[in-house]
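Note sheet for the following structure.
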Amino acid sequence: MKRLRGFCLMVLFCAALCSWGCGADKPVQKSDMVMDTVVTLSASGAEAEAAVTEGMARLHELEKMVSPNLPASDVSRLEQMAGSGHWVVLHPEVYHLLAVAQDYAAKTNGAFDITAKPLVDLWGIGTDHSRVPAPAEIAKAQKLVGWQKLELNEKTHSARLLEAGMGVDAGGIAKGMAADEVRKIYRKHGIKNGLINLGGSSMYALGVNNEDKPWRIGLRHPRKDDAKEKIAVLPLSDEALSTSGDYERFFESGGQRYHHIIDPRLGRPAPSGLMSVTITAADKLEDAGMLTDLLTTTVFVLGPEQGTRFLRTLPAGISGALVDKRYQLWTTHDMAQRLEEVSKELQFWQESGELQ
Ligand code: FAD
Ligand code: MG
């Protein structure tokens with residue numbers, strides 16, 4: 001009996017040692033610059049190292065497909081062939097991204113428009129040549145924007161832009177798509193706990209963090225320079241999350257703030273009255289990461305009333321938190337209950353129109 005107890009103790013001791021030191025559940029974390037942002041991939045589990053390494057390689061691969069700076073990328077080739085009538089054969093991932101973008105362009109009457117590139121380039125927000133263009137320049141660029149002039153051919157996985165001068169800008173959707181692709185790799189390696197973080201604006205949280213609790217994502221204060229200042233905290237588990245704001249890529253002129261989210265119908269930064277939009281989508285939803293990314297951009301353009309109304313038409317598992325310029329917090333679905341440490345600066349906006 002004594003021997004058996006000794007054996008059991010030995011087994012327990014080895015098991016404890018192994019879980020701590022054999023690497024089975026040791027968290028792995030790697031960071032790199034991808035898509036002009038710092039990406040950090042974390043995972044734990046037996047295949048964490050392989051998942052993170054493969055995930056990072058995949059991100060670099062995807063960047064090559066959608067980068068506006070590489071002449072051989074799919075989006076650059078589309079732009080080069082614009083107006084020629086020729087179809088451009090795309091990687092399946094890029095074709096899928098364009099198909100989802102077109103679906104939401106139709107659903108939002110062009111509030112999300114992946115062909116907004118001529119306007120994005122004209123304003124140059126976030127670059128060293130940002131400026132307020134003349135109305136005639138805006139009108140000219142607007143003629144080259146229009147999701148209906150991007151044609152897709154599902155059979156051949158190809159696309160074409162109907163007019164010369166048109167272009168595709170995946171800045172409002174590609175990071176979400178990239179998060180989905182890394183999530184697939186995590187699934188293949190059996191990763192249950194991990195965080196895929198693309199610069200804080202798009203992420204995917206799986207399972208629990210190193211303290212065995214849901215991941216805690218801080219929603220950044222939209223008017224404080226210190227990125228660590230939060231307006232709320234959102235516990236996140238098995239969900240994708242994206243945030244769009246007017247506080248990172250913007251310039252000021254004549255006392256006005258010009259941010260990088262363009263209302264293609266107006267040809268200018270969306271005057272929706274919002275400062276930030278955060279959207280989550282359940283892991284069980286197809287394209288969860290891509291949906292959160294494109295939806296934050298879309299809802300930012302639509303504004304709080306139309307944006308929350310639109311979110312309520314979407315499949316269950318998607319919810320949003322919007323902060324407007326009066327520090328009113330607009331939420332959909334269960335978001336109000338989920339948010340923690342909500343700043344006293346914020347007032348919850350209720351559908352009745354009353355502030356709480
Ligand atoms: P979100 O807030 O989700 O969306 C805003 C972005 O979407 C805008 O910046 C614009 O790109 C696009 N957009 C604006 N209005 C609309 C609309 N109505 N409908 C659809 N899309 C819209 N930036 C650099 O400065 N240098 C680089 O070298 C560079 N390389 C990049 C390479 C890749 C592959 C990608 C995907 C992006 C790159 N970017 C680069 C960043 C890019 O230009 C955007 O600024 C960035 O993706 C915005 O991220 P976000 O999460 O804040 O966007
Ligand atoms: Mg977005």
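In the structure tokens, each chain is lettered A, B, ... as it comes, each chain's residues begin at 1, and ligands are numbered from 1 in order of appearance.
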
Name the residues, by chain letter and number, that sit within 7 Å of ligand 1 using only C-alpha atoms and all ligand atoms, and give them as a ChimeraX atom specification. /A:35-36,63-64,66-69,111-114,116,120,126-127,169-175,201-202,243-245,260-264,293-294,296-298,301

Name the residues in contact with A:Leu302 at a cut-off of 9 Å, using only C-alpha atoms, excluding same-chain residues fewer than 6 positions from it; report them as a PyMOL selection string. chain A and resi 108+111+263+270+272+308+310

Using the selection just defined, write its residues with N, CA, C and O atoms as a tab-separated table (two decimals), in the first residue's frame.
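Contents of part-v2.tsv, as written:
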chain	number	residue	atom	x	y	z
A	108	THR	N	-25.52	47.29	-47.79
A	108	THR	CA	-25.43	48.60	-47.12
A	108	THR	C	-25.53	49.75	-48.12
A	108	THR	O	-25.17	50.88	-47.79
A	111	ALA	N	-22.27	51.74	-48.44
A	111	ALA	CA	-21.56	52.37	-47.30
A	111	ALA	C	-20.20	51.69	-47.16
A	111	ALA	O	-19.18	52.35	-46.93
A	263	ASP	N	-16.96	58.03	-46.48
A	263	ASP	CA	-18.30	57.71	-46.97
A	263	ASP	C	-18.24	57.88	-48.49
A	263	ASP	O	-18.18	59.00	-48.99
A	270	ALA	N	-16.41	60.04	-43.30
A	270	ALA	CA	-17.81	59.90	-42.89
A	270	ALA	C	-18.14	60.82	-41.71
A	270	ALA	O	-17.53	60.70	-40.65
A	272	SER	N	-20.31	60.82	-39.46
A	272	SER	CA	-21.39	60.08	-38.80
A	272	SER	C	-21.55	60.44	-37.34
A	272	SER	O	-22.49	59.99	-36.69
A	308	THR	N	-26.68	50.71	-35.76
A	308	THR	CA	-27.20	49.73	-34.80
A	308	THR	C	-28.41	48.99	-35.41
A	308	THR	O	-28.57	47.79	-35.21
A	310	PHE	N	-28.81	48.30	-38.54
A	310	PHE	CA	-28.26	47.32	-39.49
A	310	PHE	C	-27.69	46.10	-38.74
A	310	PHE	O	-27.94	44.95	-39.13

10 Å contact set for stretch 331-343 of chain A, only C-alpha atoms, chain neighbours under 5 positions out, as a ChimeraX atom specification: /A:216-219,221,230-236,277-280,304,307-309,311-312,316-323,348-351

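The closest residue to A:Thr156, picked from A:Tyr204, A:Tyr186, A:Trp87, A:Trp215 and counting only C-alpha atoms, is A:Trp87.
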
Identify, with DSSP run on backbone atoms, the residues in stretch 18-131 of chain A assigned to helix (DSSP H, G or I), and express the list as a PyMOL selection string. chain A and resi 18-21+48-66+74-80+92-107+117-123

With a cut-off of 12 Å, could you pull out the residues of stretch 15-84 of chain A touching stretch 95-100 of chain A and give me the nearest pair of atoms for each, distance in Å to one decimal, using only C-alpha atoms, ordered by chain and ascending number, as a Markdown table?
| residue | atom | partner | partner_atom | distance |
| --- | --- | --- | --- | --- |
| A:Leu62 | CA | A:Leu97 | CA | 11.4 |
| A:Met65 | CA | A:Tyr95 | CA | 10.6 |
| A:Val66 | CA | A:Leu97 | CA | 10.0 |
| A:Asp74 | CA | A:Tyr95 | CA | 9.3 |
| A:Val75 | CA | A:Leu98 | CA | 10.1 |
| A:Leu78 | CA | A:Tyr95 | CA | 11.5 |

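Candidate residues A:Asp246, A:Asp103, A:Asp324, A:Glu47 were compared for distance to ligand 2, and the nearest is A:Asp246, using only C-alpha atoms and all ligand atoms.
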
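One distance worth recording is that between atom CA of A:Pro133 and atom CA of A:Met166, which is 18.1 Å.
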
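Closest approach to ligand 2 among A:Glu137, A:Ile185, A:Ala101, A:Arg257 is made by A:Ala101 (distances from only C-alpha atoms and all ligand atoms).
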
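Reported to one decimal place, the separation of atom CA of A:Gly190 from atom CA of A:Ser237 is 15.9 Å.
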
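Here atom CA of A:Asp283 stands at a distance of 24.7 Å from atom CA of A:Leu329.
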
A:Leu161 surroundings by only C-alpha atoms, 12 Å radius, close-in-sequence under 3 positions cut, as a VMD selection string: chain A and resid 75 to 88 98 114 to 115 144 to 153 158 164 to 168

Save the residues we just selected, C-alpha atoms, as a PDB file, in the first residue's frame?
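File selection_4.pdb, as written:
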ATOM      1  CA  VAL A  75      -5.234  43.994 -55.860  1.00  0.00           C
ATOM      2  CA  SER A  76      -2.418  45.698 -57.808  1.00  0.00           C
ATOM      3  CA  ARG A  77      -3.020  43.475 -60.823  1.00  0.00           C
ATOM      4  CA  LEU A  78      -6.730  44.305 -60.707  1.00  0.00           C
ATOM      5  CA  GLU A  79      -5.861  47.999 -60.765  1.00  0.00           C
ATOM      6  CA  GLN A  80      -3.345  47.564 -63.599  1.00  0.00           C
ATOM      7  CA  MET A  81      -5.961  45.786 -65.722  1.00  0.00           C
ATOM      8  CA  ALA A  82      -8.831  48.145 -64.840  1.00  0.00           C
ATOM      9  CA  GLY A  83     -10.821  49.201 -67.894  1.00  0.00           C
ATOM     10  CA  SER A  84      -9.076  46.713 -70.209  1.00  0.00           C
ATOM     11  CA  GLY A  85     -11.932  44.208 -70.110  1.00  0.00           C
ATOM     12  CA  HIS A  86      -9.531  41.423 -69.070  1.00  0.00           C
ATOM     13  CA  TRP A  87     -10.367  39.173 -66.131  1.00  0.00           C
ATOM     14  CA  VAL A  88      -7.707  38.820 -63.425  1.00  0.00           C
ATOM     15  CA  LEU A  98     -14.088  40.370 -52.672  1.00  0.00           C
ATOM     16  CA  ILE A 114     -13.994  48.093 -51.525  1.00  0.00           C
ATOM     17  CA  THR A 115     -13.558  50.216 -54.679  1.00  0.00           C
ATOM     18  CA  LEU A 144     -14.078  55.999 -60.338  1.00  0.00           C
ATOM     19  CA  VAL A 145     -15.678  54.504 -57.237  1.00  0.00           C
ATOM     20  CA  GLY A 146     -18.580  52.091 -57.365  1.00  0.00           C
ATOM     21  CA  TRP A 147     -18.869  48.496 -56.210  1.00  0.00           C
ATOM     22  CA  GLN A 148     -21.233  47.743 -59.111  1.00  0.00           C
ATOM     23  CA  LYS A 149     -18.268  48.312 -61.457  1.00  0.00           C
ATOM     24  CA  LEU A 150     -16.294  45.472 -59.848  1.00  0.00           C
ATOM     25  CA  GLU A 151     -17.338  42.233 -61.544  1.00  0.00           C
ATOM     26  CA  LEU A 152     -16.658  38.771 -60.153  1.00  0.00           C
ATOM     27  CA  ASN A 153     -16.617  35.420 -61.916  1.00  0.00           C
ATOM     28  CA  SER A 158     -11.460  36.051 -61.298  1.00  0.00           C
ATOM     29  CA  ALA A 164      -9.419  52.610 -66.022  1.00  0.00           C
ATOM     30  CA  GLY A 165      -8.339  54.460 -62.874  1.00  0.00           C
ATOM     31  CA  MET A 166     -10.421  52.274 -60.561  1.00  0.00           C
ATOM     32  CA  GLY A 167      -8.805  50.336 -57.716  1.00  0.00           C
ATOM     33  CA  VAL A 168      -9.489  48.069 -54.771  1.00  0.00           C
TER      34      VAL A 168
END

Which one of A:Met56, A:Ala136, A:Ser242, A:Gln142 sits closest to ligand 2 if you count only C-alpha atoms and all ligand atoms? A:Ser242

Using only C-alpha atoms and all ligand atoms, the best pick from A:Glu54, A:Met177, A:Lys325, A:Lys224 as closest to ligand 2 would be A:Met177
